[in-house]
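Heads up: the structure comes next, in structure tokens.
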Amino acid sequence: MIKIELEVNGKKIQKEIPDHTLLSTFLREHINLTGTHVGCDTSQCGACVVHVDGKSLKSCTALAADLNGSKVTTIEGLASNGKLHPMQEAFKKLHGLQCGFCTPGMVMSVIDLLKQNKNPSDKEIRDWLEGNICRCTGYQNIVAAVKEAAAKM
Amino acid sequence: MKTFNYHSAKDVKEASKLSSSKSAFLAGGMTTLPSMKLGLASYNDLINLKNIKNLSGIKVSGKTIKIGSTTKHAEVSQSKEVKKAIPSLAALAEGIGDPQVRNRGTIGGSIANNDPAADYPSACIALNAVIHTNERKIEAEKFFKGMFETALKTGEIIEAVEFEIPKKSNYQKYPNPASRYAIVGVYVAECKSGVNVAVTGAKSCVYNDKNLSSALSKNFSSSAIDGIEISSSGMNSDIHASAEYRANMVKVFTKKAVEAC
Ligand SMILES: Cc1cc2nc3c(=O)[nH]c(=O)nc-3n(C[C@H](O)[C@H](O)[C@H](O)COP(=O)(O)OP(=O)(O)OC[C@H]3O[C@@H](n4cnc5c(N)ncnc54)[C@H](O)[C@@H]3O)c2cc1C
Ligand code: FES
Ligand code: FES
């Protein structure tokens with residue numbers, strides 16, 4: 001067992017956890033933030049993407065213990081005062097999702113893209129989404145949603 | 001995933017002392033954690049190297065670029081210094097996996113793992129890299145021993161990888177459409193001692209194609225290798241590509257890389 005302290009969506013959390021606890025397990029099972037999804041569990045699909053200290057990573061492939069002291073933002077941390085984040089709003093408006101399984105990871109991933117590139121081209125968006133797999137949408141509306149959000153943010 | 005003891009070392013000495021035949025170092029974890037989950041590997045101890053301060057960072061000094069072992073792929077791909085001194089190296093880092101893999105995976109982890117389809121080993125061979133460990137300096141040619149096998153001993157830690165800044169260089173790869181690992185990758189570099197043509201993805205381990213290298217050392221043009229036959233014997237054959245296809249791609253990519261230099 002190991003004692004860790006993380007700041008998750010602005011809230012400080014201290015817990016004692018088994019050493020092998022993945023960040024995705026910590027979020028979903030230890031603190032009940034089930035918005036972060038686990039698809040492949042082998043770092044391929046991107047459903048589990050969250051931000052750690054402002055950068056996107058796959059939470060199924062990081063140990064919670066390894067991130068001791070970090071700031072984590074999950075999909076639950078995006079809306080403020082009941083108002084959706086512009087990226088969530090754009091996905092909703094442009095039908096950037098169908099079943100929604102990939103969506104939390106998609107949204108977290110492309111927010112990181114816009115931090116680095118305020119006005120990405122279609123190709124840059126598609127290249128960036130290399131690690132996020134969607135089985136429903138065919139990606140068209142996801143790309144459209146990112147462009148819409150980029151114009152608004 | 002089977003449980004283990006997690007340690008975070010504060011310096012190289014401590015990390016080395018904690019290690020055993022039943023431990024692994026934890027850099028980005030992008031190889032170690034998935035292989036533990038799949039039951040391909042199990043360890044009693046994982047020893048985090050990321051809190052060791054002097055292991056990360058990029059230093060350019062005249063003839064070489066020295067990259068600390070825990071430097072992430074994203075840091076190399078975005079580094080202004082790397083882009084200026086060896087643009088092909090920054091481009092190689094940008095082509096690894098996806099943004100989240102690049103945000104975690106490290107150069108030290110990549111070369112210690114020596115996956116037959118990994119990108120960095122080809123850069124090490126092409127750019128006459130010297131691998132600095134806590135015990136010695138190892139030339140790239142002597143470092144990569146075979147499939148997932150290197151010259152590293154138990155407890156030996158890569159501290160930095162030092163690349164020669166070449167006159168010109170270029171890396172071409174045909175990425176696996178799912179993972180971006182190289183189905184075939186060819187890194188051509190004109191260094192002080194001559195031209196290197198490092199090939200990854202094609203065989204069980206990265207190698208320097210001596211025939212291509214010596215032809216290009218005499219005449220650095222894509223037509224200089226027209227007469228050279230690349231044998232498919234010993235090349236990988238799998239669902240992605242046959243051995244013959246890979247052999248052909250080695251030549252195609254060598255020409256492309258020379259033309260792009
Ligand atoms: C989805 C996906 C796609 C990928 N695509 C590509 C790709 O296109 N091209 C590519 O080249 N790679 C690819 N990778 C692999 C990636 O580059 C990893 O970063 C790399 O293989 C391992 O680096 P790491 O820092 O994560 O190492 P870890 O997983 O932490 O460690 C790997 C091994 O290296 C050892 N090690 C780590 N650091 C050191 C050190 N400093 N000294 C001694 N030993 C050390 C460890 O003991 C362990 O055995 C991909 C990985 C994933 C998950
Ligand atoms: S669940 Fe993490 S990448 Fe698929
Ligand atoms: S919306 Fe169903 S997987 Fe993407």
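Labeling convention for the structure tokens: chains A, B, ... as they appear, residues from 1 per chain, ligands from 1 in order of appearance.
Residues in contact with Leu63 of chain A at up to 9 Å, not including ones fewer than 6 positions away on its chain and judged by only C-alpha atoms, are Asp19, His20, Thr21, Leu22, Leu23, Ser24 and Phe26 of chain A; Gly29 and Leu33 of chain B.
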Based on the selection just made, write C-alpha atoms of those residues as a short mmCIF file (atom, residue, chain, number, x, y, z; two decimals), in the first residue's frame.
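The resulting result_2.cif:
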data_model
loop_
_atom_site.label_atom_id
_atom_site.label_comp_id
_atom_site.auth_asym_id
_atom_site.auth_seq_id
_atom_site.Cartn_x
_atom_site.Cartn_y
_atom_site.Cartn_z
CA ASP A 19 0.89 0.10 -5.39
CA HIS A 20 -0.40 -1.28 -8.70
CA THR A 21 -3.51 0.95 -8.86
CA LEU A 22 -3.87 2.50 -12.30
CA LEU A 23 -5.01 6.10 -12.55
CA SER A 24 -8.13 4.90 -14.41
CA PHE A 26 -8.30 5.16 -8.99
CA GLY B 29 5.55 2.90 -18.50
CA LEU B 33 2.49 -1.41 -17.93
#
Quiz item: Counting only C-alpha atoms, which residues of chain B come no farther than 7 Å from chain A, as a ChimeraX atom specification?
Solution: /B:3-6,29-30,33-34,98-100,103
Could you save those same residues with N, CA, C and O atoms as a JSON list (two decimals), in the first residue's frame?
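Once everything was written out, this is again.json:
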[["chain", "number", "residue", "atom", "x", "y", "z"],
["B", 3, "THR", "N", 0.29, -7.62, -8.48],
["B", 3, "THR", "CA", 0.78, -6.49, -7.68],
["B", 3, "THR", "C", 2.32, -6.52, -7.57],
["B", 3, "THR", "O", 2.97, -7.52, -7.88],
["B", 4, "PHE", "N", 2.86, -5.40, -7.16],
["B", 4, "PHE", "CA", 4.32, -5.24, -7.05],
["B", 4, "PHE", "C", 4.56, -4.11, -6.06],
["B", 4, "PHE", "O", 3.62, -3.44, -5.63],
["B", 5, "ASN", "N", 5.82, -3.91, -5.74],
["B", 5, "ASN", "CA", 6.15, -2.78, -4.88],
["B", 5, "ASN", "C", 6.63, -1.62, -5.73],
["B", 5, "ASN", "O", 7.51, -1.78, -6.58],
["B", 6, "TYR", "N", 6.06, -0.46, -5.51],
["B", 6, "TYR", "CA", 6.43, 0.74, -6.27],
["B", 6, "TYR", "C", 7.47, 1.53, -5.47],
["B", 6, "TYR", "O", 7.29, 1.75, -4.27],
["B", 29, "GLY", "N", 6.47, 4.01, -18.78],
["B", 29, "GLY", "CA", 5.55, 2.90, -18.50],
["B", 29, "GLY", "C", 4.74, 2.47, -19.72],
["B", 29, "GLY", "O", 3.89, 1.60, -19.61],
["B", 30, "MET", "N", 5.03, 3.04, -20.88],
["B", 30, "MET", "CA", 4.18, 2.77, -22.05],
["B", 30, "MET", "C", 4.41, 1.38, -22.63],
["B", 30, "MET", "O", 3.61, 0.88, -23.41],
["B", 33, "LEU", "N", 3.83, -1.20, -18.49],
["B", 33, "LEU", "CA", 2.49, -1.41, -17.93],
["B", 33, "LEU", "C", 1.61, -2.26, -18.84],
["B", 33, "LEU", "O", 1.02, -3.24, -18.35],
["B", 34, "PRO", "N", 1.51, -1.96, -20.15],
["B", 34, "PRO", "CA", 0.70, -2.86, -20.98],
["B", 34, "PRO", "C", 1.21, -4.30, -20.97],
["B", 34, "PRO", "O", 0.41, -5.23, -20.92],
["B", 98, "ASP", "N", 1.08, 8.16, -30.62],
["B", 98, "ASP", "CA", 0.08, 9.23, -30.64],
["B", 98, "ASP", "C", 0.46, 10.26, -29.58],
["B", 98, "ASP", "O", 1.40, 10.03, -28.81],
["B", 99, "PRO", "N", -0.26, 11.38, -29.51],
["B", 99, "PRO", "CA", 0.16, 12.44, -28.57],
["B", 99, "PRO", "C", 0.29, 11.97, -27.12],
["B", 99, "PRO", "O", 1.18, 12.42, -26.40],
["B", 100, "GLN", "N", -0.60, 11.07, -26.69],
["B", 100, "GLN", "CA", -0.56, 10.64, -25.29],
["B", 100, "GLN", "C", 0.62, 9.70, -25.03],
["B", 100, "GLN", "O", 1.22, 9.74, -23.95],
["B", 103, "ASN", "N", 3.54, 11.98, -24.79],
["B", 103, "ASN", "CA", 3.57, 12.74, -23.53],
["B", 103, "ASN", "C", 4.14, 11.94, -22.37],
["B", 103, "ASN", "O", 4.42, 12.50, -21.32]]
Just list the residues in segment 37-206 of chain B DSSP gives alpha helix (DSSP H) on the backbone, as a PDB file with N, CA, C and O atoms, in the first residue's frame.
ATOM      1  N   LYS B  37       0.025  -5.933 -17.823  1.00  0.00           N
ATOM      2  CA  LYS B  37      -1.422  -6.189 -17.850  1.00  0.00           C
ATOM      3  C   LYS B  37      -1.745  -7.408 -18.692  1.00  0.00           C
ATOM      4  O   LYS B  37      -2.653  -8.164 -18.386  1.00  0.00           O
ATOM      5  N   HIS B  73       9.165  11.800 -25.591  1.00  0.00           N
ATOM      6  CA  HIS B  73       9.129  11.949 -27.048  1.00  0.00           C
ATOM      7  C   HIS B  73       8.599  13.336 -27.431  1.00  0.00           C
ATOM      8  O   HIS B  73       9.096  13.963 -28.366  1.00  0.00           O
ATOM      9  N   ALA B  74       7.570  13.816 -26.712  1.00  0.00           N
ATOM     10  CA  ALA B  74       6.971  15.117 -27.043  1.00  0.00           C
ATOM     11  C   ALA B  74       7.990  16.245 -26.850  1.00  0.00           C
ATOM     12  O   ALA B  74       7.995  17.228 -27.595  1.00  0.00           O
ATOM     13  N   GLU B  75       8.866  16.107 -25.847  1.00  0.00           N
ATOM     14  CA  GLU B  75       9.867  17.154 -25.619  1.00  0.00           C
ATOM     15  C   GLU B  75      10.891  17.181 -26.754  1.00  0.00           C
ATOM     16  O   GLU B  75      11.334  18.240 -27.176  1.00  0.00           O
ATOM     17  N   VAL B  76      11.249  16.009 -27.261  1.00  0.00           N
ATOM     18  CA  VAL B  76      12.209  15.954 -28.371  1.00  0.00           C
ATOM     19  C   VAL B  76      11.564  16.513 -29.638  1.00  0.00           C
ATOM     20  O   VAL B  76      12.167  17.309 -30.367  1.00  0.00           O
ATOM     21  N   SER B  77      10.303  16.126 -29.874  1.00  0.00           N
ATOM     22  CA  SER B  77       9.659  16.545 -31.134  1.00  0.00           C
ATOM     23  C   SER B  77       9.413  18.051 -31.145  1.00  0.00           C
ATOM     24  O   SER B  77       9.388  18.668 -32.197  1.00  0.00           O
ATOM     25  N   GLN B  78       9.229  18.645 -29.967  1.00  0.00           N
ATOM     26  CA  GLN B  78       8.942  20.085 -29.919  1.00  0.00           C
ATOM     27  C   GLN B  78      10.177  20.943 -29.663  1.00  0.00           C
ATOM     28  O   GLN B  78      10.094  22.172 -29.700  1.00  0.00           O
ATOM     29  N   LYS B  80      13.158  23.199 -30.024  1.00  0.00           N
ATOM     30  CA  LYS B  80      13.693  24.076 -31.071  1.00  0.00           C
ATOM     31  C   LYS B  80      15.126  23.683 -31.414  1.00  0.00           C
ATOM     32  O   LYS B  80      15.531  23.710 -32.579  1.00  0.00           O
ATOM     33  N   GLU B  81      15.884  23.311 -30.381  1.00  0.00           N
ATOM     34  CA  GLU B  81      17.294  22.959 -30.615  1.00  0.00           C
ATOM     35  C   GLU B  81      17.417  21.699 -31.480  1.00  0.00           C
ATOM     36  O   GLU B  81      18.243  21.652 -32.387  1.00  0.00           O
ATOM     37  N   VAL B  82      16.587  20.692 -31.170  1.00  0.00           N
ATOM     38  CA  VAL B  82      16.656  19.458 -31.958  1.00  0.00           C
ATOM     39  C   VAL B  82      16.193  19.744 -33.382  1.00  0.00           C
ATOM     40  O   VAL B  82      16.824  19.304 -34.354  1.00  0.00           O
ATOM     41  N   LYS B  83      15.099  20.506 -33.502  1.00  0.00           N
ATOM     42  CA  LYS B  83      14.585  20.823 -34.838  1.00  0.00           C
ATOM     43  C   LYS B  83      15.651  21.517 -35.688  1.00  0.00           C
ATOM     44  O   LYS B  83      15.726  21.311 -36.889  1.00  0.00           O
ATOM     45  N   LYS B  84      16.458  22.351 -35.045  1.00  0.00           N
ATOM     46  CA  LYS B  84      17.466  23.101 -35.783  1.00  0.00           C
ATOM     47  C   LYS B  84      18.677  22.216 -36.114  1.00  0.00           C
ATOM     48  O   LYS B  84      19.139  22.200 -37.258  1.00  0.00           O
ATOM     49  N   ALA B  85      19.152  21.473 -35.143  1.00  0.00           N
ATOM     50  CA  ALA B  85      20.397  20.719 -35.344  1.00  0.00           C
ATOM     51  C   ALA B  85      20.167  19.410 -36.116  1.00  0.00           C
ATOM     52  O   ALA B  85      20.927  19.072 -37.010  1.00  0.00           O
ATOM     53  N   PRO B  87      16.833  18.002 -37.704  1.00  0.00           N
ATOM     54  CA  PRO B  87      15.372  18.016 -37.910  1.00  0.00           C
ATOM     55  C   PRO B  87      14.777  16.613 -38.067  1.00  0.00           C
ATOM     56  O   PRO B  87      13.648  16.372 -37.624  1.00  0.00           O
ATOM     57  N   SER B  88      15.546  15.674 -38.647  1.00  0.00           N
ATOM     58  CA  SER B  88      14.998  14.323 -38.852  1.00  0.00           C
ATOM     59  C   SER B  88      14.731  13.616 -37.523  1.00  0.00           C
ATOM     60  O   SER B  88      13.851  12.767 -37.431  1.00  0.00           O
ATOM     61  N   LEU B  89      15.478  13.991 -36.488  1.00  0.00           N
ATOM     62  CA  LEU B  89      15.293  13.364 -35.175  1.00  0.00           C
ATOM     63  C   LEU B  89      14.009  13.877 -34.511  1.00  0.00           C
ATOM     64  O   LEU B  89      13.249  13.106 -33.914  1.00  0.00           O
ATOM     65  N   ALA B  90      13.765  15.179 -34.658  1.00  0.00           N
ATOM     66  CA  ALA B  90      12.512  15.748 -34.130  1.00  0.00           C
ATOM     67  C   ALA B  90      11.328  15.133 -34.869  1.00  0.00           C
ATOM     68  O   ALA B  90      10.309  14.793 -34.261  1.00  0.00           O
ATOM     69  N   ALA B  91      11.470  14.959 -36.186  1.00  0.00           N
ATOM     70  CA  ALA B  91      10.377  14.381 -36.985  1.00  0.00           C
ATOM     71  C   ALA B  91      10.134  12.924 -36.586  1.00  0.00           C
ATOM     72  O   ALA B  91       8.987  12.483 -36.498  1.00  0.00           O
ATOM     73  N   LEU B  92      11.210  12.194 -36.317  1.00  0.00           N
ATOM     74  CA  LEU B  92      11.056  10.802 -35.872  1.00  0.00           C
ATOM     75  C   LEU B  92      10.241  10.750 -34.571  1.00  0.00           C
ATOM     76  O   LEU B  92       9.302   9.961 -34.438  1.00  0.00           O
ATOM     77  N   ALA B  93      10.598  11.640 -33.628  1.00  0.00           N
ATOM     78  CA  ALA B  93       9.888  11.641 -32.335  1.00  0.00           C
ATOM     79  C   ALA B  93       8.414  11.990 -32.532  1.00  0.00           C
ATOM     80  O   ALA B  93       7.532  11.425 -31.889  1.00  0.00           O
ATOM     81  N   GLU B  94       8.143  12.899 -33.452  1.00  0.00           N
ATOM     82  CA  GLU B  94       6.766  13.322 -33.740  1.00  0.00           C
ATOM     83  C   GLU B  94       5.949  12.176 -34.348  1.00  0.00           C
ATOM     84  O   GLU B  94       4.720  12.152 -34.242  1.00  0.00           O
ATOM     85  N   PRO B  99      -0.256  11.381 -29.506  1.00  0.00           N
ATOM     86  CA  PRO B  99       0.164  12.440 -28.573  1.00  0.00           C
ATOM     87  C   PRO B  99       0.285  11.971 -27.121  1.00  0.00           C
ATOM     88  O   PRO B  99       1.181  12.420 -26.401  1.00  0.00           O
ATOM     89  N   GLN B 100      -0.604  11.065 -26.692  1.00  0.00           N
ATOM     90  CA  GLN B 100      -0.559  10.640 -25.287  1.00  0.00           C
ATOM     91  C   GLN B 100       0.621   9.701 -25.033  1.00  0.00           C
ATOM     92  O   GLN B 100       1.219   9.735 -23.953  1.00  0.00           O
ATOM     93  N   VAL B 101       0.969   8.897 -26.024  1.00  0.00           N
ATOM     94  CA  VAL B 101       2.175   8.063 -25.907  1.00  0.00           C
ATOM     95  C   VAL B 101       3.407   8.976 -25.877  1.00  0.00           C
ATOM     96  O   VAL B 101       4.323   8.783 -25.073  1.00  0.00           O
ATOM     97  N   ARG B 102       3.404  10.009 -26.716  1.00  0.00           N
ATOM     98  CA  ARG B 102       4.548  10.934 -26.752  1.00  0.00           C
ATOM     99  C   ARG B 102       4.662  11.773 -25.477  1.00  0.00           C
ATOM    100  O   ARG B 102       5.744  12.227 -25.130  1.00  0.00           O
ATOM    101  N   ASN B 103       3.539  11.984 -24.790  1.00  0.00           N
ATOM    102  CA  ASN B 103       3.572  12.738 -23.530  1.00  0.00           C
ATOM    103  C   ASN B 103       4.137  11.940 -22.373  1.00  0.00           C
ATOM    104  O   ASN B 103       4.422  12.499 -21.321  1.00  0.00           O
ATOM    105  N   ARG B 104       4.234  10.617 -22.524  1.00  0.00           N
ATOM    106  CA  ARG B 104       4.729   9.776 -21.427  1.00  0.00           C
ATOM    107  C   ARG B 104       6.002   9.013 -21.787  1.00  0.00           C
ATOM    108  O   ARG B 104       6.906   8.887 -20.969  1.00  0.00           O
ATOM    109  N   ILE B 107      12.913   8.395 -24.271  1.00  0.00           N
ATOM    110  CA  ILE B 107      13.949   7.874 -25.180  1.00  0.00           C
ATOM    111  C   ILE B 107      14.697   6.715 -24.513  1.00  0.00           C
ATOM    112  O   ILE B 107      14.994   5.704 -25.160  1.00  0.00           O
ATOM    113  N   GLY B 108      14.971   6.837 -23.213  1.00  0.00           N
ATOM    114  CA  GLY B 108      15.697   5.763 -22.508  1.00  0.00           C
ATOM    115  C   GLY B 108      14.896   4.473 -22.497  1.00  0.00           C
ATOM    116  O   GLY B 108      15.428   3.391 -22.750  1.00  0.00           O
ATOM    117  N   GLY B 109      13.587   4.593 -22.217  1.00  0.00           N
ATOM    118  CA  GLY B 109      12.718   3.411 -22.194  1.00  0.00           C
ATOM    119  C   GLY B 109      12.634   2.768 -23.557  1.00  0.00           C
ATOM    120  O   GLY B 109      12.649   1.542 -23.696  1.00  0.00           O
ATOM    121  N   SER B 110      12.576   3.601 -24.579  1.00  0.00           N
ATOM    122  CA  SER B 110      12.454   3.076 -25.935  1.00  0.00           C
ATOM    123  C   SER B 110      13.688   2.276 -26.337  1.00  0.00           C
ATOM    124  O   SER B 110      13.570   1.177 -26.881  1.00  0.00           O
ATOM    125  N   ILE B 111      14.879   2.811 -26.053  1.00  0.00           N
ATOM    126  CA  ILE B 111      16.059   2.065 -26.511  1.00  0.00           C
ATOM    127  C   ILE B 111      16.400   0.892 -25.584  1.00  0.00           C
ATOM    128  O   ILE B 111      16.894  -0.129 -26.030  1.00  0.00           O
ATOM    129  N   ALA B 112      16.059   1.028 -24.285  1.00  0.00           N
ATOM    130  CA  ALA B 112      16.284  -0.108 -23.367  1.00  0.00           C
ATOM    131  C   ALA B 112      15.390  -1.277 -23.761  1.00  0.00           C
ATOM    132  O   ALA B 112      15.769  -2.431 -23.638  1.00  0.00           O
ATOM    133  N   ASN B 113      14.209  -0.954 -24.254  1.00  0.00           N
ATOM    134  CA  ASN B 113      13.260  -1.993 -24.638  1.00  0.00           C
ATOM    135  C   ASN B 113      13.672  -2.660 -25.953  1.00  0.00           C
ATOM    136  O   ASN B 113      13.476  -3.834 -26.165  1.00  0.00           O
ATOM    137  N   TYR B 120      13.456   4.936 -32.358  1.00  0.00           N
ATOM    138  CA  TYR B 120      14.721   5.510 -31.855  1.00  0.00           C
ATOM    139  C   TYR B 120      15.977   4.662 -32.116  1.00  0.00           C
ATOM    140  O   TYR B 120      17.044   5.229 -32.388  1.00  0.00           O
ATOM    141  N   PRO B 121      15.882   3.324 -32.017  1.00  0.00           N
ATOM    142  CA  PRO B 121      17.112   2.562 -32.281  1.00  0.00           C
ATOM    143  C   PRO B 121      17.728   2.887 -33.645  1.00  0.00           C
ATOM    144  O   PRO B 121      18.954   2.945 -33.781  1.00  0.00           O
ATOM    145  N   SER B 122      16.889   3.159 -34.648  1.00  0.00           N
ATOM    146  CA  SER B 122      17.450   3.481 -35.966  1.00  0.00           C
ATOM    147  C   SER B 122      18.199   4.815 -35.927  1.00  0.00           C
ATOM    148  O   SER B 122      19.245   4.972 -36.554  1.00  0.00           O
ATOM    149  N   ALA B 123      17.672   5.769 -35.155  1.00  0.00           N
ATOM    150  CA  ALA B 123      18.380   7.052 -35.031  1.00  0.00           C
ATOM    151  C   ALA B 123      19.724   6.858 -34.346  1.00  0.00           C
ATOM    152  O   ALA B 123      20.728   7.483 -34.716  1.00  0.00           O
ATOM    153  N   CYS B 124      19.748   5.978 -33.347  1.00  0.00           N
ATOM    154  CA  CYS B 124      21.007   5.738 -32.616  1.00  0.00           C
ATOM    155  C   CYS B 124      22.072   5.183 -33.557  1.00  0.00           C
ATOM    156  O   CYS B 124      23.232   5.616 -33.527  1.00  0.00           O
ATOM    157  N   ILE B 125      21.679   4.220 -34.409  1.00  0.00           N
ATOM    158  CA  ILE B 125      22.647   3.619 -35.336  1.00  0.00           C
ATOM    159  C   ILE B 125      23.049   4.632 -36.413  1.00  0.00           C
ATOM    160  O   ILE B 125      24.237   4.804 -36.718  1.00  0.00           O
ATOM    161  N   ALA B 126      22.077   5.337 -36.978  1.00  0.00           N
ATOM    162  CA  ALA B 126      22.378   6.254 -38.088  1.00  0.00           C
ATOM    163  C   ALA B 126      23.232   7.425 -37.630  1.00  0.00           C
ATOM    164  O   ALA B 126      24.089   7.906 -38.369  1.00  0.00           O
ATOM    165  N   ALA B 140      26.346   2.755 -30.097  1.00  0.00           N
ATOM    166  CA  ALA B 140      25.051   2.198 -30.514  1.00  0.00           C
ATOM    167  C   ALA B 140      25.233   0.844 -31.192  1.00  0.00           C
ATOM    168  O   ALA B 140      24.471  -0.096 -30.951  1.00  0.00           O
ATOM    169  N   GLU B 141      26.256   0.732 -32.042  1.00  0.00           N
ATOM    170  CA  GLU B 141      26.496  -0.525 -32.784  1.00  0.00           C
ATOM    171  C   GLU B 141      26.654  -1.716 -31.839  1.00  0.00           C
ATOM    172  O   GLU B 141      26.376  -2.848 -32.207  1.00  0.00           O
ATOM    173  N   LYS B 142      27.151  -1.432 -30.612  1.00  0.00           N
ATOM    174  CA  LYS B 142      27.373  -2.524 -29.655  1.00  0.00           C
ATOM    175  C   LYS B 142      26.236  -2.637 -28.644  1.00  0.00           C
ATOM    176  O   LYS B 142      26.217  -3.539 -27.817  1.00  0.00           O
ATOM    177  N   PHE B 143      25.323  -1.685 -28.690  1.00  0.00           N
ATOM    178  CA  PHE B 143      24.255  -1.635 -27.683  1.00  0.00           C
ATOM    179  C   PHE B 143      23.078  -2.544 -28.022  1.00  0.00           C
ATOM    180  O   PHE B 143      22.548  -3.244 -27.171  1.00  0.00           O
TER     181      PHE B 143
END
Quiz item: Val110 of chain A: which residues within 10 Å, counting only C-alpha atoms, same-chain residues fewer than 2 positions away excluded, as a list of chain:residue names?
Solution: A:Ser56, A:Met87, A:Gly105, A:Met106, A:Val107, A:Met108, A:Asp112, A:Leu113, A:Leu114, A:Lys115, A:Gln116, A:Asn117, A:Ile125, A:Trp128, A:Leu129, A:Asn132, A:Ile142, A:Val143, A:Ala145, A:Val146, A:Ala149, A:Ala150
May I have the selected residues written with C-alpha atoms, as a CSV table (one decimal), in the first residue's frame?
chain,number,residue,atom,x,y,z
A,56,SER,CA,-3.3,14.6,-21.9
A,87,MET,CA,-15.7,21.7,-26.5
A,105,GLY,CA,-11.4,10.7,-24.1
A,106,MET,CA,-12.0,12.5,-27.3
A,107,VAL,CA,-13.0,15.7,-25.6
A,108,MET,CA,-10.0,15.6,-23.2
A,112,ASP,CA,-5.0,19.5,-25.2
A,113,LEU,CA,-4.6,19.9,-29.0
A,114,LEU,CA,-6.2,23.4,-28.8
A,115,LYS,CA,-3.8,24.4,-26.1
A,116,GLN,CA,-0.9,23.8,-28.5
A,117,ASN,CA,-2.6,24.7,-31.7
A,125,ILE,CA,-7.0,17.3,-35.9
A,128,TRP,CA,-3.8,14.3,-33.2
A,129,LEU,CA,-6.6,11.8,-32.8
A,132,ASN,CA,-8.5,8.0,-30.0
A,142,ILE,CA,-15.8,15.0,-34.3
A,143,VAL,CA,-13.5,17.0,-36.6
A,145,ALA,CA,-16.9,19.9,-33.5
A,146,VAL,CA,-13.2,20.6,-32.9
A,149,ALA,CA,-14.9,24.8,-30.6
A,150,ALA,CA,-11.6,26.3,-31.9
Exercise. Identify which of the residues A:Arg126, A:Lys147, A:His95, A:Lys15 lies closest to ligand 3, counting only C-alpha atoms and all ligand atoms when measuring atom-to-atom distances.
Key: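 Counting only C-alpha atoms and all ligand atoms, the residue closest to ligand 3 is A:His95.
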Exercise. Could you find all residues in chain A that DSSP calls strand (DSSP E) from the backbone, and write them as a PyMOL selection string?
Key: chain A and resi 2-8+11-17+49-52+55-58+71-73
Quiz item: Can you list, as a ChimeraX atom specification, every protein, DNA or RNA residue that comes within 9 Å of Gly96 of chain A when you count only C-alpha atoms, leaving out same-chain residues fewer than 4 positions away?
Solution: /A:90-92,100,103,137,139-146
Exercise. Can you tell me which residues come within 6 Å of ligand 3 when counting only C-alpha atoms and all ligand atoms, ideally as a VMD selection string?
Key: chain A and resid 97 to 103 134 to 137
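Atom CA of Thr200 of chain B is positioned 6.9 Å from atom CA of Asp119 of chain B.
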Exercise. Could you tell me which of B:Phe220, B:Tyr181, B:Tyr171, B:Tyr43 comes closest to ligand 1 if we count only C-alpha atoms and all ligand atoms?
Key: B:Tyr181
Exercise. Considering only C-alpha atoms, return as number ranges by chain whatever protein or nucleic-acid residues lie within 7 Å of segment 201-216 of chain B, sequence-local ones (same chain, fewer than 5 positions apart) excluded.
Key: B: 116-117, 121-122, 125, 146-147, 182-185, 195-196, 221, 224-225, 234-236, 246
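Residue nearest ligand 2 within the list A:Val38, A:Leu78, A:Leu84, A:Val52: A:Val38 [criterion: smallest interatomic distance, only C-alpha atoms and all ligand atoms].
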Quiz item: Could you state the separation of atom CA of Glu7 of chain A and atom CA of Ala24 of chain B in Å, given to one decimal place?
Solution: 27.9 Å
